[in-house]
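Here's the structure, in structure tokens; my notes come after.
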Amino acid sequence: MWLPILETNDQPRYLALVDAIASAIARGELQPGDRLPPQRRLAWALGLNPSTAMQAYREAARRHLVGGEVGRGTYVLASSREASLFRLKTPEAHPELVDLSTNLPVLDPDDNDMQRSMAELCATGALASLQGYPSARSLQRGQLAVSSWLRNRTLEMPPQQVLLCAGAQQGVFAALIGLCEPGEAVLVEALTSPGIKAAGRQLRLPLHGVAMDEFGILPDDLDRQARATSARVAVLTPCMQNPTAVSMNAQRREAIAAVARRRGLLIIEDDIYGALGDEPPLAAALPERTLLISSLSKTVAPGLRLGFIAGPDQWLSCIDPERQATSWALSPLCLRIGSDWLEDGTAARRLAWQREQMTRRWRLAQKLLGSASSGASPHLWLPLPDDRDLLALCRDAGVEAATADVFAVGHGAPNALRLSLTAAPSQAVLKARLETLAASLSQARGP
């Protein structure tokens with residue numbers, strides 16, 4: 001029987017048990033499909049009240065770590081490792097760890113842009129008008145602002161070819177719902193973001209991973225899998241790919257565009273990190289068969305839930321025929337502030353600051369740990385040639401990271417980690433932890 005050792009701290013015992021389950025899953029001690037001990041039996045073995053074990057199992061199920069049915073027991077879910085990235089974390093429970101497992105932008109401690117914008121809205125009396133649904137005029141203004149913003153990505157996209165939504169993840173869901181039938185094959189990178197994996201799983205769309213190299217997916221394998229699966233849609237992240245951080249060069253973008261045209265593939269391009277780099281999106285090489293999806297979350301402000309889907313009208317009509325369904329979830333307040341910032345230069349200034357901070361941290365990480373990507377990225381992909389316990393090494397160095405199996409489509413994940421460099425509270429903290437991690441890795445490799 002699996003029996004955890006509960007950490008002794010001030011958090012409730014049921015949360016300590018949930019953390020123990022999550023840690024065992026992350027280490028591979030508990031595998032997808034493994035059955036957890038019955039609640040009463042585990043409570044007795046740990047000296048807990050049965051209600052405490054019951055509460056812990058309920059919380060673990062809420063976090064999508066486990067699932068079960070009456071009479072069958074409780075089992076570790078196949079999606080549990082991806083879910084661990086998005087759980088509500090309690091940093092005070094593990095103050096010794098710096099969480100680099102989730103991609104977050106650098107936060108400026110001196111930032112007062114939001115306070116300024118809110119103060120202006122209050123002073124002009126405009127705040128009261130933002131408590132309803134988005135108006136047609138505000139949506140048109142947002143579309144125009146996004147259209148101008150996309151020129152920085154070398155895209156000339158008229159406002160009528162822009163759908164607004166509440167973040168890029170909602171945009172990906174909406175695109176897949178509108179373009180695919182349940183059970184239809186969808187092509188993705190062999191290592192893809194947990195959000196894309198979650199979308200495929202929830203929409204019952206089987207994902208097929210395409211092999212990758214240092215420039216992204218391989219054109220030959222994309223062609224092979226398109227023929228083998230009869231897939232019509234591929235979801236790709238050509239710029240600063242998550243988790244590998246690689247970006248397609250011009251030659252690779254043209255080769256992928258040629259395959260898409262030959263096989264009739266529609267590309268859903270997740271460009272969430274694209275504005276942080278210099279490479280143009282795939283949509284620039286394949287405008288007639290690409291839907292570009294992004295938001296301001298990774299580049300301007302994570303709490304500003306303003307996303308967009310941009311592309312040919314024929315594909316947008318499949319996603320939202322009435323041109324309003326995706327915008328219903330959009331907060332009028334976020335739309336107003338996002339439009340203001342896009343128009344008055346605040347968004348461009350914040351993007352420039354974010355790029356500078358990201359580049360500094362990436363250069364630091366490259367110096368200490370090395371990097372497979374040729375350009376700066378908010379995250380670092382760290383592979384090892386053997387089967388070292390990377391999570392244990394990271395935790396010994398005071399770092400929490402995400403392992404490759406969180407991103408792998410299918411089986412055979414490499415032994416690698418993704419470190420979110422921009423998630424550290426400061427560059428000084430990042431430097432100290434990466435130095436310790438580099439020393440641990442060097443010692444693990446041996447002479």
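As shown in the structure tokens, the chain order sets the letters A, B, ...; within each chain, residues go from 1, and ligands are also counted from 1 in the order they appear.
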Which residues of range 257-318 of chain A sit at most 7 Å from range 219-237 of chain A, using only C-alpha atoms? Give each one's shortest atom pair and distance in Å (one decimal place), in chain and ascending residue order, as JSON lines.
```
{"residue": "A:Val259", "atom": "CA", "partner": "A:Asp223", "partner_atom": "CA", "distance": 6.0}
{"residue": "A:Arg263", "atom": "CA", "partner": "A:Ala226", "partner_atom": "CA", "distance": 6.8}
{"residue": "A:Gly264", "atom": "CA", "partner": "A:Arg232", "partner_atom": "CA", "distance": 6.7}
{"residue": "A:Leu265", "atom": "CA", "partner": "A:Arg232", "partner_atom": "CA", "distance": 4.9}
{"residue": "A:Leu266", "atom": "CA", "partner": "A:Val233", "partner_atom": "CA", "distance": 4.8}
{"residue": "A:Ile267", "atom": "CA", "partner": "A:Ala234", "partner_atom": "CA", "distance": 5.0}
{"residue": "A:Ile268", "atom": "CA", "partner": "A:Val235", "partner_atom": "CA", "distance": 4.7}
{"residue": "A:Glu269", "atom": "CA", "partner": "A:Leu236", "partner_atom": "CA", "distance": 5.2}
{"residue": "A:Asp270", "atom": "CA", "partner": "A:Thr237", "partner_atom": "CA", "distance": 4.9}
{"residue": "A:Asp271", "atom": "CA", "partner": "A:Thr237", "partner_atom": "CA", "distance": 6.2}
```
Per-residue nearest contacts of range 167-216 of chain A to range 247-253 of chain A (12 Å; only C-alpha atoms) as a tab-separated table:
```
residue	atom	partner	partner_atom	distance
A:Met212	CA	A:Met248	CA	10.6
A:Asp213	CA	A:Met248	CA	9.9
A:Glu214	CA	A:Ser247	CA	8.0
A:Phe215	CA	A:Met248	CA	4.8
A:Gly216	CA	A:Met248	CA	5.6
```
I'd like the contact shell of Ile5 in chain A - 10 Å cut-off, only C-alpha atoms, skipping same-chain residues fewer than 6 positions apart - returned as number ranges by chain. A: 16-17, 20, 46
Suppose we keep N, CA and C atoms; can you now write the selection as a short mmCIF file (atom, residue, chain, number, x, y, z; two decimals), in the first residue's frame?
```
data_model
loop_
_atom_site.label_atom_id
_atom_site.label_comp_id
_atom_site.auth_asym_id
_atom_site.auth_seq_id
_atom_site.Cartn_x
_atom_site.Cartn_y
_atom_site.Cartn_z
N ALA A 16 -1.82 18.68 3.52
CA ALA A 16 -0.53 17.99 3.54
C ALA A 16 -0.62 16.66 2.80
N LEU A 17 -1.77 15.98 2.96
CA LEU A 17 -1.96 14.71 2.25
C LEU A 17 -2.11 14.96 0.74
N ALA A 20 1.24 15.52 -0.64
CA ALA A 20 1.98 14.26 -0.71
C ALA A 20 1.58 13.47 -1.94
N LEU A 46 -2.13 6.47 8.83
CA LEU A 46 -1.47 7.75 9.08
C LEU A 46 -1.89 8.40 10.38
#
```
Quick one: pick out all strand (DSSP E or B) residues within range 171-384 of chain A from a backbone DSSP run and write them as a PyMOL selection string. chain A and resi 186-189+191+207-210+212-213+216-217+233-236+266-270+290-295+307-310+379-383
If we count only C-alpha atoms, what is near range 106-113 of chain A at a cut-off of 7 Å, once residues fewer than 2 positions away on the same chain are taken out, given as a ChimeraX atom specification? /A:104,115-117,354,422-423
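The smallest atom-to-atom distance between Gly183 in chain A and any of A:Asp386, A:Leu207, A:Gln170, A:Thr8, using only C-alpha atoms, is found for A:Leu207.
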Please identify all polymer residues within 10 Å of Pro38 in chain A, counting only C-alpha atoms, omitting same-chain residues fewer than 5 positions from it, and present them as a compact mmCIF listing (two decimals) with all heavy atoms, in the first residue's frame.
```txt
# COMPACT_ATOMS: atom_id res chain seq x y z
N MET A 1 0.84 -1.20 0.00
CA MET A 1 0.00 0.00 0.00
C MET A 1 0.88 1.25 0.00
O MET A 1 1.82 1.35 0.77
CB MET A 1 -0.91 0.01 1.23
CG MET A 1 -1.85 1.22 1.29
SD MET A 1 -2.97 1.20 2.71
CE MET A 1 -1.86 1.59 4.05
N ALA A 43 -6.30 6.55 6.35
CA ALA A 43 -6.45 7.38 7.55
C ALA A 43 -5.95 6.64 8.78
O ALA A 43 -5.24 7.21 9.63
CB ALA A 43 -7.92 7.79 7.72
N ALA A 53 -9.03 12.26 5.52
CA ALA A 53 -8.64 11.56 4.29
C ALA A 53 -9.68 11.78 3.20
O ALA A 53 -9.34 11.98 2.02
CB ALA A 53 -8.46 10.07 4.57
N MET A 54 -10.96 11.76 3.57
CA MET A 54 -12.02 12.00 2.59
C MET A 54 -11.90 13.40 1.99
O MET A 54 -12.02 13.58 0.77
CB MET A 54 -13.39 11.82 3.25
CG MET A 54 -14.57 12.03 2.30
SD MET A 54 -16.17 11.90 3.15
CE MET A 54 -16.08 10.20 3.74
N TYR A 57 -8.96 13.49 -0.49
CA TYR A 57 -9.26 12.85 -1.77
C TYR A 57 -10.18 13.74 -2.61
O TYR A 57 -10.03 13.81 -3.84
CB TYR A 57 -9.91 11.49 -1.54
CG TYR A 57 -8.93 10.36 -1.29
CD1 TYR A 57 -7.74 10.59 -0.62
CD2 TYR A 57 -9.19 9.07 -1.72
CE1 TYR A 57 -6.83 9.56 -0.38
CE2 TYR A 57 -8.30 8.02 -1.50
CZ TYR A 57 -7.12 8.28 -0.83
OH TYR A 57 -6.22 7.26 -0.61
N GLY A 73 -12.98 2.54 -6.38
CA GLY A 73 -11.79 3.09 -5.76
C GLY A 73 -11.35 4.39 -6.40
O GLY A 73 -12.03 4.94 -7.27
N THR A 74 -10.20 4.89 -5.97
CA THR A 74 -9.65 6.16 -6.43
C THR A 74 -8.36 5.90 -7.18
O THR A 74 -7.46 5.22 -6.67
CB THR A 74 -9.39 7.10 -5.24
OG1 THR A 74 -10.62 7.30 -4.52
CG2 THR A 74 -8.88 8.44 -5.70
```
Atom pair CA of Gly345 in chain A / CA of Trp149 in chain A: separation (Å):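 We find that CA of Gly345 in chain A and CA of Trp149 in chain A lie 10.2 Å from each other.
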Based on the backbone DSSP call, show me all residues of range 12-154 of chain A assigned alpha helix (DSSP H), as a PyMOL selection string. chain A and resi 13-27+39-46+50-62+80-86+113-124+136-149
To one decimal in Å, tell me the separation between CA of Ala45 in chain A and CA of Ala392 in chain A.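 It comes out at 26.0 Å.
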As an exercise, work out the distance from CA of Ser147 in chain A to CA of Ala285 in chain A in Å and give it to one decimal place.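 These two atoms are separated by 17.9 Å.
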Counting only C-alpha atoms, the residue of A:Ala168, A:Arg58, A:Ser148, A:Ala245 that sits nearest Ile196 in chain A: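 Between A:Ala168, A:Arg58, A:Ser148, A:Ala245, the residue approaching Ile196 in chain A most closely is A:Ala168.
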Could you tell me which of A:Lys197, A:Arg289, A:Arg323, A:Arg40 comes closest to Arg262 in chain A if we count only C-alpha atoms? A:Arg289
List as a short mmCIF file (atom, residue, chain, number, x, y, z; two decimals) with all heavy atoms, in the first residue's frame the protein and nucleic acid residues near Glu156 in chain A, meaning an atom at most 12 Å away when only C-alpha atoms are counted, but skip any in the same chain fewer than 4 places from it.
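Contents of part.cif, freshly written:
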```
data_model
loop_
_atom_site.label_atom_id
_atom_site.label_comp_id
_atom_site.auth_asym_id
_atom_site.auth_seq_id
_atom_site.Cartn_x
_atom_site.Cartn_y
_atom_site.Cartn_z
N LEU A 144 -9.91 47.13 -33.56
CA LEU A 144 -9.02 48.06 -34.24
C LEU A 144 -7.67 48.15 -33.52
O LEU A 144 -6.61 48.18 -34.17
CB LEU A 144 -9.68 49.44 -34.31
CG LEU A 144 -8.88 50.54 -35.03
CD1 LEU A 144 -8.60 50.14 -36.47
CD2 LEU A 144 -9.64 51.86 -34.96
N VAL A 146 -6.24 45.82 -31.64
CA VAL A 146 -5.51 44.58 -31.86
C VAL A 146 -4.95 44.53 -33.28
O VAL A 146 -3.82 44.08 -33.52
CB VAL A 146 -6.41 43.36 -31.58
CG1 VAL A 146 -5.75 42.07 -32.08
CG2 VAL A 146 -6.71 43.25 -30.09
N SER A 147 -5.74 44.99 -34.25
CA SER A 147 -5.28 45.03 -35.63
C SER A 147 -4.00 45.85 -35.75
O SER A 147 -3.04 45.44 -36.44
CB SER A 147 -6.38 45.62 -36.52
OG SER A 147 -5.93 45.78 -37.84
N SER A 148 -3.93 46.99 -35.08
CA SER A 148 -2.72 47.81 -35.09
C SER A 148 -1.57 47.12 -34.37
O SER A 148 -0.42 47.17 -34.81
CB SER A 148 -3.01 49.17 -34.44
OG SER A 148 -4.01 49.87 -35.14
N TRP A 149 -1.88 46.46 -33.27
CA TRP A 149 -0.87 45.73 -32.49
C TRP A 149 -0.22 44.63 -33.32
O TRP A 149 0.99 44.39 -33.22
CB TRP A 149 -1.54 45.17 -31.25
CG TRP A 149 -0.70 44.36 -30.31
CD1 TRP A 149 -0.74 43.01 -30.15
CD2 TRP A 149 0.25 44.84 -29.36
NE1 TRP A 149 0.13 42.61 -29.16
CE2 TRP A 149 0.75 43.71 -28.67
CE3 TRP A 149 0.74 46.10 -29.03
CZ2 TRP A 149 1.73 43.82 -27.67
CZ3 TRP A 149 1.71 46.21 -28.04
CH2 TRP A 149 2.19 45.08 -27.37
N LEU A 150 -1.00 43.97 -34.17
CA LEU A 150 -0.48 42.86 -34.96
C LEU A 150 0.48 43.31 -36.05
O LEU A 150 1.22 42.49 -36.60
CB LEU A 150 -1.64 42.08 -35.59
CG LEU A 150 -2.44 41.19 -34.62
CD1 LEU A 150 -3.65 40.59 -35.31
CD2 LEU A 150 -1.55 40.09 -34.05
N ARG A 151 0.49 44.59 -36.36
CA ARG A 151 1.47 45.08 -37.34
C ARG A 151 2.89 44.89 -36.81
O ARG A 151 3.84 44.74 -37.60
CB ARG A 151 1.22 46.55 -37.66
CG ARG A 151 -0.08 46.79 -38.41
CD ARG A 151 -0.11 48.17 -39.05
NE ARG A 151 -1.42 48.43 -39.66
CZ ARG A 151 -2.37 49.16 -39.10
NH1 ARG A 151 -2.16 49.72 -37.90
NH2 ARG A 151 -3.52 49.33 -39.70
N ASN A 152 3.04 44.90 -35.49
CA ASN A 152 4.36 44.62 -34.91
C ASN A 152 4.80 43.19 -35.16
O ASN A 152 5.98 42.88 -35.04
CB ASN A 152 4.33 44.89 -33.40
CG ASN A 152 4.01 46.32 -33.06
OD1 ASN A 152 4.43 47.24 -33.75
ND2 ASN A 152 3.23 46.54 -32.01
N GLN A 160 -12.00 43.55 -39.03
CA GLN A 160 -13.08 42.57 -39.20
C GLN A 160 -12.57 41.14 -39.24
O GLN A 160 -13.37 40.20 -39.21
CB GLN A 160 -13.89 42.88 -40.46
CG GLN A 160 -13.11 42.83 -41.76
CD GLN A 160 -12.57 44.20 -42.14
OE1 GLN A 160 -12.33 45.04 -41.27
NE2 GLN A 160 -12.42 44.43 -43.44
N GLN A 161 -11.26 40.96 -39.32
CA GLN A 161 -10.68 39.62 -39.27
C GLN A 161 -10.09 39.31 -37.90
O GLN A 161 -9.20 38.47 -37.77
CB GLN A 161 -9.63 39.45 -40.36
CG GLN A 161 -10.22 39.43 -41.75
CD GLN A 161 -9.19 39.13 -42.83
OE1 GLN A 161 -8.06 38.76 -42.55
NE2 GLN A 161 -9.60 39.25 -44.08
N VAL A 162 -10.60 39.98 -36.87
CA VAL A 162 -10.15 39.77 -35.49
C VAL A 162 -11.36 39.45 -34.62
O VAL A 162 -12.34 40.20 -34.62
CB VAL A 162 -9.43 41.03 -34.94
CG1 VAL A 162 -9.11 40.85 -33.46
CG2 VAL A 162 -8.16 41.32 -35.74
N ALA A 283 1.94 32.61 -39.60
CA ALA A 283 0.85 33.23 -40.35
C ALA A 283 1.35 34.15 -41.45
O ALA A 283 0.67 34.35 -42.46
CB ALA A 283 -0.08 33.99 -39.40
N ALA A 284 2.54 34.73 -41.28
CA ALA A 284 3.09 35.61 -42.31
C ALA A 284 3.45 34.83 -43.57
O ALA A 284 3.40 35.37 -44.68
CB ALA A 284 4.32 36.34 -41.78
N PRO A 287 -0.75 32.96 -44.73
CA PRO A 287 -1.88 33.76 -44.24
C PRO A 287 -3.24 33.17 -44.55
O PRO A 287 -4.19 33.34 -43.78
CB PRO A 287 -1.69 35.11 -44.95
CG PRO A 287 -0.89 34.79 -46.18
CD PRO A 287 0.02 33.67 -45.77
N ALA A 310 -7.12 35.81 -34.94
CA ALA A 310 -7.03 36.60 -36.16
C ALA A 310 -6.76 35.68 -37.35
O ALA A 310 -5.91 34.79 -37.26
CB ALA A 310 -5.92 37.66 -36.05
N GLY A 311 -7.48 35.91 -38.45
CA GLY A 311 -7.27 35.08 -39.62
C GLY A 311 -8.33 35.30 -40.68
O GLY A 311 -9.19 36.20 -40.56
N PRO A 312 -8.33 34.47 -41.72
CA PRO A 312 -9.29 34.60 -42.81
C PRO A 312 -10.74 34.48 -42.32
O PRO A 312 -11.04 33.69 -41.42
CB PRO A 312 -8.93 33.45 -43.74
CG PRO A 312 -7.50 33.13 -43.44
CD PRO A 312 -7.35 33.40 -41.98
#
```
